[in-house]
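Undergrad: Next up, run.cif (mmCIF, C-alpha atoms).
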```cif
data_upload
loop_
_atom_site.group_PDB
_atom_site.id
_atom_site.type_symbol
_atom_site.label_atom_id
_atom_site.label_comp_id
_atom_site.auth_asym_id
_atom_site.auth_seq_id
_atom_site.Cartn_x
_atom_site.Cartn_y
_atom_site.Cartn_z
ATOM 1 C CA MET A 1 96.571 -104.490 150.978
ATOM 2 C CA THR A 2 100.219 -103.426 151.467
ATOM 3 C CA TYR A 3 102.769 -106.225 151.537
ATOM 4 C CA MET A 4 105.739 -106.134 153.871
ATOM 5 C CA VAL A 5 109.112 -107.698 153.116
ATOM 6 C CA ASN A 6 109.576 -110.463 155.695
ATOM 7 C CA LYS A 7 108.246 -113.920 154.873
ATOM 8 C CA ASN A 8 108.594 -117.215 156.702
ATOM 9 C CA THR A 9 107.984 -120.733 155.384
ATOM 10 C CA PHE A 10 107.175 -123.786 157.510
ATOM 11 C CA TYR A 11 106.690 -127.400 156.464
ATOM 12 C CA SER A 12 105.256 -130.520 158.128
ATOM 13 C CA ASN A 13 105.189 -134.162 157.011
ATOM 14 C CA GLY A 14 102.080 -136.162 156.335
ATOM 15 C CA LYS A 15 101.553 -139.468 158.154
ATOM 16 C CA LEU A 16 100.441 -143.075 157.977
ATOM 17 C CA LEU A 17 99.624 -145.114 161.074
ATOM 18 C CA ILE A 18 100.809 -148.660 160.376
ATOM 19 C CA THR A 19 99.839 -150.286 163.684
ATOM 20 C CA GLY A 20 97.822 -149.193 166.699
ATOM 21 C CA GLU A 21 94.881 -147.420 165.131
ATOM 22 C CA TYR A 22 92.210 -146.565 167.715
ATOM 23 C CA LEU A 23 93.999 -148.471 170.515
ATOM 24 C CA VAL A 24 96.762 -145.863 170.529
ATOM 25 C CA LEU A 25 94.159 -143.773 172.381
ATOM 26 C CA ASN A 26 94.255 -146.387 175.165
ATOM 27 C CA GLY A 27 98.037 -146.442 175.469
ATOM 28 C CA ALA A 28 98.987 -149.010 172.815
ATOM 29 C CA LYS A 29 102.379 -148.549 171.207
ATOM 30 C CA ALA A 30 101.876 -147.624 167.553
ATOM 31 C CA LEU A 31 104.183 -147.620 164.538
ATOM 32 C CA ALA A 32 103.826 -144.516 162.382
ATOM 33 C CA LEU A 33 105.618 -143.414 159.239
ATOM 34 C CA PRO A 34 106.053 -139.851 157.932
ATOM 35 C CA THR A 35 105.266 -139.509 154.252
ATOM 36 C CA LYS A 36 107.010 -137.758 151.390
ATOM 37 C CA PHE A 37 103.871 -135.641 151.124
ATOM 38 C CA GLY A 38 103.064 -132.799 153.498
ATOM 39 C CA GLN A 39 101.984 -129.178 153.796
ATOM 40 C CA TYR A 40 103.634 -125.759 153.608
ATOM 41 C CA LEU A 41 102.650 -122.658 155.552
ATOM 42 C CA ARG A 42 103.953 -119.325 154.272
ATOM 43 C CA VAL A 43 103.537 -116.190 156.357
ATOM 44 C CA ALA A 44 104.150 -112.605 155.256
ATOM 45 C CA SER A 45 103.280 -109.333 156.947
ATOM 46 C CA CYS A 46 100.869 -106.696 155.701
ATOM 47 C CA ALA A 47 99.974 -103.206 156.891
ATOM 48 C CA GLU A 48 96.322 -103.961 157.644
ATOM 49 C CA LYS A 49 95.676 -105.654 161.009
ATOM 50 C CA LYS A 50 93.862 -108.630 159.547
ATOM 51 C CA ILE A 51 94.668 -112.158 158.469
ATOM 52 C CA PHE A 52 94.292 -112.832 154.763
ATOM 53 C CA TRP A 53 94.207 -116.601 154.258
ATOM 54 C CA THR A 54 94.615 -118.634 151.056
ATOM 55 C CA SER A 55 94.792 -122.445 150.857
ATOM 56 C CA LEU A 56 96.202 -124.181 147.793
ATOM 57 C CA ASP A 57 95.628 -127.776 146.733
ATOM 58 C CA ALA A 58 98.358 -130.036 145.350
ATOM 59 C CA ASP A 59 97.741 -128.661 141.835
ATOM 60 C CA LYS A 60 98.196 -125.123 143.244
ATOM 61 C CA SER A 61 94.526 -124.272 142.691
ATOM 62 C CA VAL A 62 92.854 -122.217 145.429
ATOM 63 C CA TRP A 63 90.415 -124.389 147.388
ATOM 64 C CA PHE A 64 89.737 -121.990 150.236
ATOM 65 C CA GLU A 65 90.138 -118.255 150.738
ATOM 66 C CA THR A 66 89.011 -115.955 153.534
ATOM 67 C CA GLU A 67 89.977 -113.091 155.814
ATOM 68 C CA PHE A 68 89.265 -112.246 159.430
ATOM 69 C CA THR A 69 90.194 -109.651 162.011
ATOM 70 C CA PHE A 70 92.345 -110.089 165.094
ATOM 71 C CA GLU A 71 89.251 -109.406 167.203
ATOM 72 C CA GLU A 72 87.370 -112.310 165.614
ATOM 73 C CA ILE A 73 90.189 -114.627 166.702
ATOM 74 C CA ARG A 74 90.363 -113.190 170.239
ATOM 75 C CA THR A 75 86.614 -113.625 170.774
ATOM 76 C CA ALA A 76 86.159 -116.894 168.910
ATOM 77 C CA LYS A 77 83.397 -118.112 171.253
ATOM 78 C CA ASN A 78 81.185 -115.308 169.921
ATOM 79 C CA PHE A 79 82.281 -115.852 166.324
ATOM 80 C CA GLN A 80 79.266 -116.616 164.137
ATOM 81 C CA GLU A 81 80.237 -118.291 160.890
ATOM 82 C CA GLU A 82 78.308 -120.831 158.855
ATOM 83 C CA HIS A 83 81.308 -121.845 156.772
ATOM 84 C CA LEU A 84 82.723 -124.824 158.683
ATOM 85 C CA ILE A 85 86.317 -124.438 157.469
ATOM 86 C CA LYS A 86 86.492 -120.769 158.418
ATOM 87 C CA HIS A 87 84.901 -121.477 161.794
ATOM 88 C CA THR A 88 87.390 -124.295 162.487
ATOM 89 C CA LEU A 89 90.304 -122.129 161.411
ATOM 90 C CA VAL A 90 89.292 -119.336 163.760
ATOM 91 C CA GLU A 91 88.977 -121.882 166.604
ATOM 92 C CA ILE A 92 92.517 -123.184 165.934
ATOM 93 C CA LEU A 93 93.959 -119.669 165.806
ATOM 94 C CA HIS A 94 92.049 -118.734 168.973
ATOM 95 C CA GLN A 95 93.660 -121.664 170.811
ATOM 96 C CA ALA A 96 97.036 -120.630 169.383
ATOM 97 C CA HIS A 97 96.412 -117.105 170.703
ATOM 98 C CA LEU A 98 95.701 -118.511 174.193
ATOM 99 C CA GLN A 99 99.079 -120.290 174.080
ATOM 100 C CA ASN A 100 100.913 -117.267 172.694
ATOM 101 C CA PRO A 101 99.065 -114.015 173.516
ATOM 102 C CA ASN A 102 101.758 -111.993 171.717
ATOM 103 C CA PHE A 103 100.481 -113.440 168.447
ATOM 104 C CA LEU A 104 97.775 -110.772 168.127
ATOM 105 C CA THR A 105 99.673 -107.807 169.550
ATOM 106 C CA SER A 106 101.478 -107.161 166.285
ATOM 107 C CA GLU A 107 101.036 -103.766 164.680
ATOM 108 C CA THR A 108 100.857 -105.497 161.314
ATOM 109 C CA GLY A 109 98.619 -108.180 159.894
ATOM 110 C CA TYR A 110 99.425 -111.461 158.189
ATOM 111 C CA ILE A 111 99.112 -112.856 154.702
ATOM 112 C CA ILE A 112 99.044 -116.623 155.050
ATOM 113 C CA GLU A 113 99.204 -119.225 152.322
ATOM 114 C CA THR A 114 99.010 -122.978 152.859
ATOM 115 C CA GLU A 115 99.847 -125.574 150.230
ATOM 116 C CA VAL A 116 99.423 -129.337 150.497
ATOM 117 C CA THR A 117 101.614 -131.531 148.284
ATOM 118 C CA PHE A 118 99.013 -134.320 148.161
ATOM 119 C CA PRO A 119 95.333 -134.353 147.159
ATOM 120 C CA ARG A 120 93.439 -133.281 150.291
ATOM 121 C CA ASN A 121 91.094 -136.260 150.188
ATOM 122 C CA TRP A 122 94.005 -138.693 150.640
ATOM 123 C CA GLY A 123 93.814 -138.378 154.419
ATOM 124 C CA LEU A 124 97.546 -137.940 154.986
ATOM 125 C CA GLY A 125 97.085 -135.189 157.560
ATOM 126 C CA THR A 126 95.691 -131.935 156.172
ATOM 127 C CA SER A 127 94.688 -130.867 159.697
ATOM 128 C CA SER A 128 97.687 -132.196 161.636
ATOM 129 C CA THR A 129 100.220 -130.652 159.241
ATOM 130 C CA LEU A 130 98.387 -127.339 159.474
ATOM 131 C CA ILE A 131 98.368 -127.441 163.279
ATOM 132 C CA ASN A 132 102.060 -128.359 163.417
ATOM 133 C CA ASN A 133 102.927 -125.549 160.996
ATOM 134 C CA ILE A 134 100.970 -123.006 163.037
ATOM 135 C CA ALA A 135 102.726 -124.256 166.179
ATOM 136 C CA GLN A 136 106.129 -123.836 164.494
ATOM 137 C CA TRP A 137 105.232 -120.339 163.348
ATOM 138 C CA LEU A 138 103.992 -119.183 166.761
ATOM 139 C CA GLN A 139 106.519 -121.261 168.753
ATOM 140 C CA ILE A 140 103.890 -123.087 170.790
ATOM 141 C CA ASP A 141 103.251 -126.712 171.763
ATOM 142 C CA ALA A 142 101.729 -128.519 168.766
ATOM 143 C CA PHE A 143 100.392 -131.394 170.894
ATOM 144 C CA GLU A 144 98.517 -128.970 173.152
ATOM 145 C CA LEU A 145 97.153 -127.100 170.143
ATOM 146 C CA LEU A 146 95.869 -130.395 168.729
ATOM 147 C CA ARG A 147 94.280 -131.383 172.050
ATOM 148 C CA LYS A 148 92.481 -128.054 172.351
ATOM 149 C CA SER A 149 91.234 -128.080 168.747
ATOM 150 C CA PHE A 150 90.840 -131.411 166.929
ATOM 151 C CA GLY A 151 91.729 -133.908 169.633
ATOM 152 C CA GLY A 152 93.159 -137.353 168.906
ATOM 153 C CA SER A 153 96.214 -139.250 170.065
ATOM 154 C CA GLY A 154 98.787 -136.873 168.577
ATOM 155 C CA TYR A 155 100.758 -139.470 166.578
ATOM 156 C CA ASP A 156 100.142 -137.363 163.462
ATOM 157 C CA ILE A 157 101.809 -134.361 165.122
ATOM 158 C CA ALA A 158 104.800 -136.561 165.955
ATOM 159 C CA CYS A 159 105.064 -137.616 162.302
ATOM 160 C CA ALA A 160 104.705 -134.007 161.167
ATOM 161 C CA SER A 161 107.924 -133.067 162.939
ATOM 162 C CA ASN A 162 109.968 -136.279 162.488
ATOM 163 C CA ASN A 163 111.713 -137.381 159.307
ATOM 164 C CA PHE A 164 112.125 -141.004 160.387
ATOM 165 C CA PRO A 165 109.853 -143.901 161.393
ATOM 166 C CA ILE A 166 108.593 -143.558 164.952
ATOM 167 C CA THR A 167 106.782 -145.467 167.635
ATOM 168 C CA TYR A 168 104.192 -143.455 169.493
ATOM 169 C CA GLN A 169 102.553 -144.131 172.825
ATOM 170 C CA LEU A 170 100.579 -142.205 175.439
ATOM 171 C CA ASP A 171 101.689 -142.725 179.023
ATOM 172 C CA GLU A 172 99.299 -143.002 181.993
ATOM 173 C CA ASN A 173 99.066 -139.184 182.072
ATOM 174 C CA GLU A 174 98.335 -139.111 178.328
ATOM 175 C CA LYS A 175 101.717 -137.548 177.609
ATOM 176 C CA PRO A 176 103.255 -138.620 174.292
ATOM 177 C CA ILE A 177 106.279 -140.925 174.178
ATOM 178 C CA VAL A 178 107.917 -140.627 170.769
ATOM 179 C CA GLU A 179 110.855 -142.804 169.739
ATOM 180 C CA VAL A 180 112.670 -142.758 166.418
ATOM 181 C CA VAL A 181 113.021 -146.389 165.321
ATOM 182 C CA ASP A 182 114.898 -148.418 162.753
ATOM 183 C CA PHE A 183 112.176 -149.579 160.393
ATOM 184 C CA TYR A 184 113.531 -150.080 156.890
ATOM 185 C CA PRO A 185 112.030 -153.412 155.823
ATOM 186 C CA LYS A 186 114.043 -155.514 153.402
ATOM 187 C CA TYR A 187 110.742 -156.469 151.777
ATOM 188 C CA LYS A 188 109.647 -152.871 151.094
ATOM 189 C CA GLU A 189 109.343 -153.643 147.365
ATOM 190 C CA ASN A 190 106.413 -155.869 148.395
ATOM 191 C CA ILE A 191 104.583 -153.025 150.191
ATOM 192 C CA TYR A 192 102.038 -150.854 148.385
ATOM 193 C CA PHE A 193 99.538 -148.232 149.454
ATOM 194 C CA VAL A 194 96.115 -148.183 147.794
ATOM 195 C CA TYR A 195 93.688 -145.290 148.107
ATOM 196 C CA LEU A 196 90.091 -146.401 148.647
ATOM 197 C CA ASN A 197 88.656 -142.995 147.689
ATOM 198 C CA LYS A 198 86.377 -142.839 150.731
ATOM 199 C CA LYS A 199 87.530 -139.966 152.904
ATOM 200 C CA GLN A 200 87.034 -140.708 156.585
ATOM 201 C CA ASN A 201 86.298 -138.140 159.285
ATOM 202 C CA SER A 202 88.859 -138.971 161.981
ATOM 203 C CA ARG A 203 86.937 -137.193 164.727
ATOM 204 C CA HIS A 204 83.764 -139.168 163.974
ATOM 205 C CA ALA A 205 85.716 -142.431 163.756
ATOM 206 C CA ILE A 206 87.337 -141.791 167.144
ATOM 207 C CA GLN A 207 83.967 -140.990 168.718
ATOM 208 C CA ASN A 208 82.470 -144.200 167.339
ATOM 209 C CA TYR A 209 85.399 -146.134 168.796
ATOM 210 C CA MET A 210 85.031 -144.515 172.203
ATOM 211 C CA ASN A 211 81.365 -145.516 172.192
ATOM 212 C CA LYS A 212 82.316 -149.161 171.562
ATOM 213 C CA GLN A 213 84.990 -149.525 174.222
ATOM 214 C CA GLN A 214 85.142 -152.689 176.243
ATOM 215 C CA PHE A 215 87.756 -153.778 178.744
ATOM 216 C CA LEU A 216 90.678 -153.298 176.355
ATOM 217 C CA THR A 217 93.778 -153.655 178.538
ATOM 218 C CA LYS A 218 94.726 -157.075 177.178
ATOM 219 C CA LYS A 219 94.114 -156.107 173.569
ATOM 220 C CA THR A 220 96.080 -152.899 174.023
ATOM 221 C CA ALA A 221 99.043 -154.952 175.270
ATOM 222 C CA THR A 222 98.702 -157.339 172.311
ATOM 223 C CA ILE A 223 98.760 -154.471 169.803
ATOM 224 C CA SER A 224 101.878 -153.063 171.508
ATOM 225 C CA GLU A 225 103.517 -156.479 171.175
ATOM 226 C CA ILE A 226 102.606 -156.622 167.480
ATOM 227 C CA THR A 227 104.233 -153.215 167.012
ATOM 228 C CA ASN A 228 107.409 -154.399 168.767
ATOM 229 C CA ARG A 229 107.512 -157.559 166.678
ATOM 230 C CA MET A 230 106.961 -155.562 163.468
ATOM 231 C CA LEU A 231 110.178 -153.682 164.177
ATOM 232 C CA LEU A 232 112.067 -156.971 164.438
ATOM 233 C CA SER A 233 110.273 -158.843 161.669
ATOM 234 C CA PRO A 234 112.851 -160.488 159.418
ATOM 235 C CA ASN A 235 110.709 -161.154 156.373
ATOM 236 C CA LEU A 236 107.484 -160.621 154.470
ATOM 237 C CA GLU A 237 105.717 -163.738 155.740
ATOM 238 C CA THR A 238 106.216 -162.892 159.413
ATOM 239 C CA THR A 239 104.976 -159.349 158.849
ATOM 240 C CA LYS A 240 101.915 -160.594 156.980
ATOM 241 C CA ASP A 241 101.008 -162.832 159.926
ATOM 242 C CA LEU A 242 101.373 -159.942 162.361
ATOM 243 C CA LEU A 243 99.177 -157.641 160.299
ATOM 244 C CA VAL A 244 96.471 -160.268 159.807
ATOM 245 C CA HIS A 245 96.391 -160.749 163.601
ATOM 246 C CA HIS A 246 96.152 -156.974 164.026
ATOM 247 C CA GLU A 247 93.205 -156.780 161.603
ATOM 248 C CA ILE A 248 91.344 -159.554 163.425
ATOM 249 C CA ILE A 249 91.743 -157.792 166.791
ATOM 250 C CA LEU A 250 90.418 -154.477 165.463
ATOM 251 C CA SER A 251 87.629 -156.184 163.553
ATOM 252 C CA ASP A 252 86.474 -157.764 166.809
ATOM 253 C CA ILE A 253 86.636 -154.490 168.763
ATOM 254 C CA LEU A 254 84.943 -152.359 166.116
ATOM 255 C CA GLU A 255 82.457 -155.064 165.136
ATOM 256 C CA LEU A 256 83.303 -154.454 161.491
ATOM 257 C CA GLU A 257 84.492 -156.709 158.693
ATOM 258 C CA THR A 258 88.120 -156.283 157.740
ATOM 259 C CA VAL A 259 88.669 -154.361 154.521
ATOM 260 C CA LYS A 260 89.805 -157.571 152.813
ATOM 261 C CA GLU A 261 86.647 -159.418 153.840
ATOM 262 C CA ARG A 262 84.480 -156.530 152.721
ATOM 263 C CA LEU A 263 86.073 -155.548 149.425
ATOM 264 C CA PHE A 264 88.899 -157.852 148.367
ATOM 265 C CA SER A 265 88.134 -161.394 149.527
ATOM 266 C CA ASP A 266 89.698 -162.909 146.383
ATOM 267 C CA PHE A 267 93.027 -161.081 146.788
ATOM 268 C CA LYS A 268 95.982 -163.388 147.452
ATOM 269 C CA GLY A 269 98.068 -160.955 149.477
ATOM 270 C CA THR A 270 97.554 -159.176 152.810
ATOM 271 C CA ILE A 271 95.590 -155.945 153.247
ATOM 272 C CA LYS A 272 95.836 -153.779 156.362
ATOM 273 C CA SER A 273 93.557 -150.828 157.159
ATOM 274 C CA LEU A 274 95.377 -147.631 158.094
ATOM 275 C CA GLY A 275 93.931 -145.011 160.404
ATOM 276 C CA ALA A 276 90.135 -144.686 160.510
ATOM 277 C CA TRP A 277 88.623 -147.913 159.183
ATOM 278 C CA GLY A 278 86.573 -147.686 156.014
ATOM 279 C CA GLY A 279 88.425 -145.229 153.825
ATOM 280 C CA ASP A 280 91.638 -143.405 152.950
ATOM 281 C CA PHE A 281 94.645 -145.677 152.309
ATOM 282 C CA VAL A 282 95.209 -149.355 152.978
ATOM 283 C CA MET A 283 98.594 -151.058 153.077
ATOM 284 C CA VAL A 284 99.018 -154.054 150.792
ATOM 285 C CA LEU A 285 101.669 -156.743 151.140
ATOM 286 C CA SER A 286 102.037 -158.797 147.995
ATOM 287 C CA LYS A 287 104.703 -160.938 146.351
ATOM 288 C CA GLU A 288 103.529 -159.695 142.955
ATOM 289 C CA ASN A 289 102.700 -156.179 141.828
ATOM 290 C CA PRO A 290 99.008 -155.810 142.801
ATOM 291 C CA THR A 291 98.331 -152.839 140.525
ATOM 292 C CA PRO A 292 96.445 -154.823 137.827
ATOM 293 C CA TYR A 293 94.224 -156.405 140.493
ATOM 294 C CA PHE A 294 93.255 -153.114 142.136
ATOM 295 C CA ASN A 295 92.866 -151.357 138.776
ATOM 296 C CA SER A 296 90.414 -154.071 137.753
ATOM 297 C CA LYS A 297 88.409 -153.278 140.904
ATOM 298 C CA GLY A 298 88.326 -149.564 140.052
ATOM 299 C CA TYR A 299 91.116 -148.368 142.378
ATOM 300 C CA GLU A 300 93.574 -146.244 140.446
ATOM 301 C CA THR A 301 95.788 -144.640 143.108
ATOM 302 C CA ILE A 302 98.483 -147.155 144.063
ATOM 303 C CA LEU A 303 101.827 -146.022 145.448
ATOM 304 C CA THR A 304 104.948 -148.025 146.220
ATOM 305 C CA TYR A 305 106.664 -147.799 149.599
ATOM 306 C CA ASP A 306 109.396 -145.581 148.160
ATOM 307 C CA GLU A 307 106.860 -143.283 146.526
ATOM 308 C CA MET A 308 104.885 -142.802 149.747
ATOM 309 C CA ILE A 309 107.225 -143.058 152.733
ATOM 310 C CA LEU A 310 109.928 -140.609 153.712
ATOM 311 C CA VAL A 311 113.048 -142.811 153.610
#
```
Kindly transcribe the structure held in the file into structure tokens.

TA:
Amino acid sequence: MTYMVNKNTFYSNGKLLITGEYLVLNGAKALALPTKFGQYLRVASCAEKKIFWTSLDADKSVWFETEFTFEEIRTAKNFQEEHLIKHTLVEILHQAHLQNPNFLTSETGYIIETEVTFPRNWGLGTSSTLINNIAQWLQIDAFELLRKSFGGSGYDIACASNNFPITYQLDENEKPIVEVVDFYPKYKENIYFVYLNKKQNSRHAIQNYMNKQQFLTKKTATISEITNRMLLSPNLETTKDLLVHHEIILSDILELETVKERLFSDFKGTIKSLGAWGGDFVMVLSKENPTPYFNSKGYETILTYDEMILV
């Protein structure tokens, strides 16, 4: 393999969806926060007309490595590959090629290295940050690339490319409305993020939700109102009430116990599920540092607001 000189680096933020999970798919206004963690994509040229791909974890260890030809990407529908990650990667790059056909007309190949700055099982957006980085590299629409590959509302793509809190909403044509908002809570020292160590598959969670849908117009409007009131909330107590209401609404729709009911019924503070219910991170609002409580329950990854959120 002969390396060429030019090298480009791209970066995208991770994400946390604070309000609007699931119902954002129905047009609810959601509050989302970019995280201090994210993913790099580094691209260099090589003489051979192939793509040599290496993915690094947060500790810089290689967790995935492969190579494929330009032709395999062009004809992805005929691509036979048992390795799910490689197959998915070829599908993403095939969709990117359809958006930018010049991508595979280069006389040189590519050496690509990705590096996440968070443990991959945290659920902060390994896929969305990758898609946004590929879109930056190839100068294509990241939202369209997401739609054609993983699907979902796209809020994670909006976080990937914004360095400030945002609200995110899909209009009647399912086009994203992204607004940078002023969300810097005075009570942020009372906000913690606890990792439940149960990685959720977002695509499966979304499919389960779609199978459960009822007539959700009223509940969608209520979630949007909770998001609006969150932005104006003057104190911890008001925010806690809003998030408890949010949890009750989603619990009813999904026909699932809230995470507090299921795992932490004796906890004195407020616990809000984030993203796909059942795993990844939860947001905790507590007057006292909840670390000893969660440690005693076997949960060791607890981050403060300032440690997690890009502020």

Undergrad: For CA of Lys287 (chain A) and CA of Asn190 (chain A), determine how far apart the two atoms are, in Å to one decimal place.

TA: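 Taking CA of Lys287 (chain A) and CA of Asn190 (chain A), their separation equals 5.7 Å.
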
Undergrad: Which residue, A:Lys15, A:Lys218, A:Lys188, A:Lys49, has the smallest gap to Thr105 (chain A) when you use only C-alpha atoms?

TA: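 Closest to Thr105 (chain A) of all the choices is A:Lys49.
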
Undergrad: Let me make sure I understand: among A:Thr227, A:Asn163, A:Thr35, A:Ser233, which one has the smallest atom-to-atom distance to Phe118 (chain A) if we use only C-alpha atoms?

TA: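 Of A:Thr227, A:Asn163, A:Thr35, A:Ser233, the one nearest Phe118 (chain A), counting only C-alpha atoms, is A:Thr35.
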
Undergrad: Name the residues that the PyMOL selection byres ((chain A and resi 109) around 8) pulls out of this structure, and write them as number ranges by chain.

TA: A: 45-51, 106-108, 110-111

Undergrad: Written as a PyMOL selection string, what is the full residue list that the PyMOL selection byres ((chain A and resi 172-186) around 10) yields on the file shown?

TA: chain A and resi 25-27+29-33+143+153-155+158-159+162-171+187-191+230-236+239+305+311

Undergrad: Can you write just those residues out, C-alpha atoms, as a CSV table (one decimal), in the frame of the given file?

TA:
```csv
chain,number,residue,atom,x,y,z
A,25,LEU,CA,94.2,-143.8,172.4
A,26,ASN,CA,94.3,-146.4,175.2
A,27,GLY,CA,98.0,-146.4,175.5
A,29,LYS,CA,102.4,-148.5,171.2
A,30,ALA,CA,101.9,-147.6,167.6
A,31,LEU,CA,104.2,-147.6,164.5
A,32,ALA,CA,103.8,-144.5,162.4
A,33,LEU,CA,105.6,-143.4,159.2
A,143,PHE,CA,100.4,-131.4,170.9
A,153,SER,CA,96.2,-139.2,170.1
A,154,GLY,CA,98.8,-136.9,168.6
A,155,TYR,CA,100.8,-139.5,166.6
A,158,ALA,CA,104.8,-136.6,166.0
A,159,CYS,CA,105.1,-137.6,162.3
A,162,ASN,CA,110.0,-136.3,162.5
A,163,ASN,CA,111.7,-137.4,159.3
A,164,PHE,CA,112.1,-141.0,160.4
A,165,PRO,CA,109.9,-143.9,161.4
A,166,ILE,CA,108.6,-143.6,165.0
A,167,THR,CA,106.8,-145.5,167.6
A,168,TYR,CA,104.2,-143.5,169.5
A,169,GLN,CA,102.6,-144.1,172.8
A,170,LEU,CA,100.6,-142.2,175.4
A,171,ASP,CA,101.7,-142.7,179.0
A,187,TYR,CA,110.7,-156.5,151.8
A,188,LYS,CA,109.6,-152.9,151.1
A,189,GLU,CA,109.3,-153.6,147.4
A,190,ASN,CA,106.4,-155.9,148.4
A,191,ILE,CA,104.6,-153.0,150.2
A,230,MET,CA,107.0,-155.6,163.5
A,231,LEU,CA,110.2,-153.7,164.2
A,232,LEU,CA,112.1,-157.0,164.4
A,233,SER,CA,110.3,-158.8,161.7
A,234,PRO,CA,112.9,-160.5,159.4
A,235,ASN,CA,110.7,-161.2,156.4
A,236,LEU,CA,107.5,-160.6,154.5
A,239,THR,CA,105.0,-159.3,158.8
A,305,TYR,CA,106.7,-147.8,149.6
A,311,VAL,CA,113.0,-142.8,153.6
```

Undergrad: N, CA, C and O atoms are what I want for region 53-64 of chain A; can you complete it accordingly and write them as a PDB file, in the frame of the given file?

TA:
```pdb
ATOM      1  N   TRP A  53      93.864-115.169 154.300  1.00  0.00           N
ATOM      2  CA  TRP A  53      94.207-116.601 154.258  1.00  0.00           C
ATOM      3  C   TRP A  53      93.858-117.197 152.900  1.00  0.00           C
ATOM      4  O   TRP A  53      92.743-117.047 152.409  1.00  0.00           O
ATOM      5  N   THR A  54      94.841-117.921 152.318  1.00  0.00           N
ATOM      6  CA  THR A  54      94.615-118.634 151.056  1.00  0.00           C
ATOM      7  C   THR A  54      95.159-120.047 151.199  1.00  0.00           C
ATOM      8  O   THR A  54      96.279-120.241 151.668  1.00  0.00           O
ATOM      9  N   SER A  55      94.360-121.045 150.805  1.00  0.00           N
ATOM     10  CA  SER A  55      94.792-122.445 150.857  1.00  0.00           C
ATOM     11  C   SER A  55      94.839-123.016 149.445  1.00  0.00           C
ATOM     12  O   SER A  55      93.849-122.940 148.703  1.00  0.00           O
ATOM     13  N   LEU A  56      95.995-123.601 149.121  1.00  0.00           N
ATOM     14  CA  LEU A  56      96.202-124.181 147.793  1.00  0.00           C
ATOM     15  C   LEU A  56      96.189-125.694 147.869  1.00  0.00           C
ATOM     16  O   LEU A  56      96.709-126.298 148.805  1.00  0.00           O
ATOM     17  N   ASP A  57      95.603-126.320 146.854  1.00  0.00           N
ATOM     18  CA  ASP A  57      95.628-127.776 146.733  1.00  0.00           C
ATOM     19  C   ASP A  57      96.941-128.202 146.087  1.00  0.00           C
ATOM     20  O   ASP A  57      97.781-127.372 145.737  1.00  0.00           O
ATOM     21  N   ALA A  58      97.107-129.509 145.900  1.00  0.00           N
ATOM     22  CA  ALA A  58      98.358-130.036 145.350  1.00  0.00           C
ATOM     23  C   ALA A  58      98.624-129.524 143.933  1.00  0.00           C
ATOM     24  O   ALA A  58      99.786-129.426 143.515  1.00  0.00           O
ATOM     25  N   ASP A  59      97.576-129.193 143.191  1.00  0.00           N
ATOM     26  CA  ASP A  59      97.741-128.661 141.835  1.00  0.00           C
ATOM     27  C   ASP A  59      97.863-127.144 141.824  1.00  0.00           C
ATOM     28  O   ASP A  59      97.805-126.521 140.758  1.00  0.00           O
ATOM     29  N   LYS A  60      98.024-126.563 143.024  1.00  0.00           N
ATOM     30  CA  LYS A  60      98.196-125.123 143.244  1.00  0.00           C
ATOM     31  C   LYS A  60      96.920-124.317 142.989  1.00  0.00           C
ATOM     32  O   LYS A  60      96.951-123.087 142.961  1.00  0.00           O
ATOM     33  N   SER A  61      95.796-124.987 142.802  1.00  0.00           N
ATOM     34  CA  SER A  61      94.526-124.272 142.691  1.00  0.00           C
ATOM     35  C   SER A  61      94.068-123.841 144.085  1.00  0.00           C
ATOM     36  O   SER A  61      94.352-124.508 145.085  1.00  0.00           O
ATOM     37  N   VAL A  62      93.365-122.719 144.152  1.00  0.00           N
ATOM     38  CA  VAL A  62      92.854-122.217 145.429  1.00  0.00           C
ATOM     39  C   VAL A  62      91.586-122.992 145.790  1.00  0.00           C
ATOM     40  O   VAL A  62      90.622-123.004 145.029  1.00  0.00           O
ATOM     41  N   TRP A  63      91.615-123.663 146.963  1.00  0.00           N
ATOM     42  CA  TRP A  63      90.415-124.389 147.388  1.00  0.00           C
ATOM     43  C   TRP A  63      89.688-123.704 148.542  1.00  0.00           C
ATOM     44  O   TRP A  63      88.537-124.015 148.839  1.00  0.00           O
ATOM     45  N   PHE A  64      90.377-122.741 149.154  1.00  0.00           N
ATOM     46  CA  PHE A  64      89.737-121.990 150.236  1.00  0.00           C
ATOM     47  C   PHE A  64      90.416-120.641 150.371  1.00  0.00           C
ATOM     48  O   PHE A  64      91.640-120.532 150.272  1.00  0.00           O
TER      49      PHE A  64
END
```
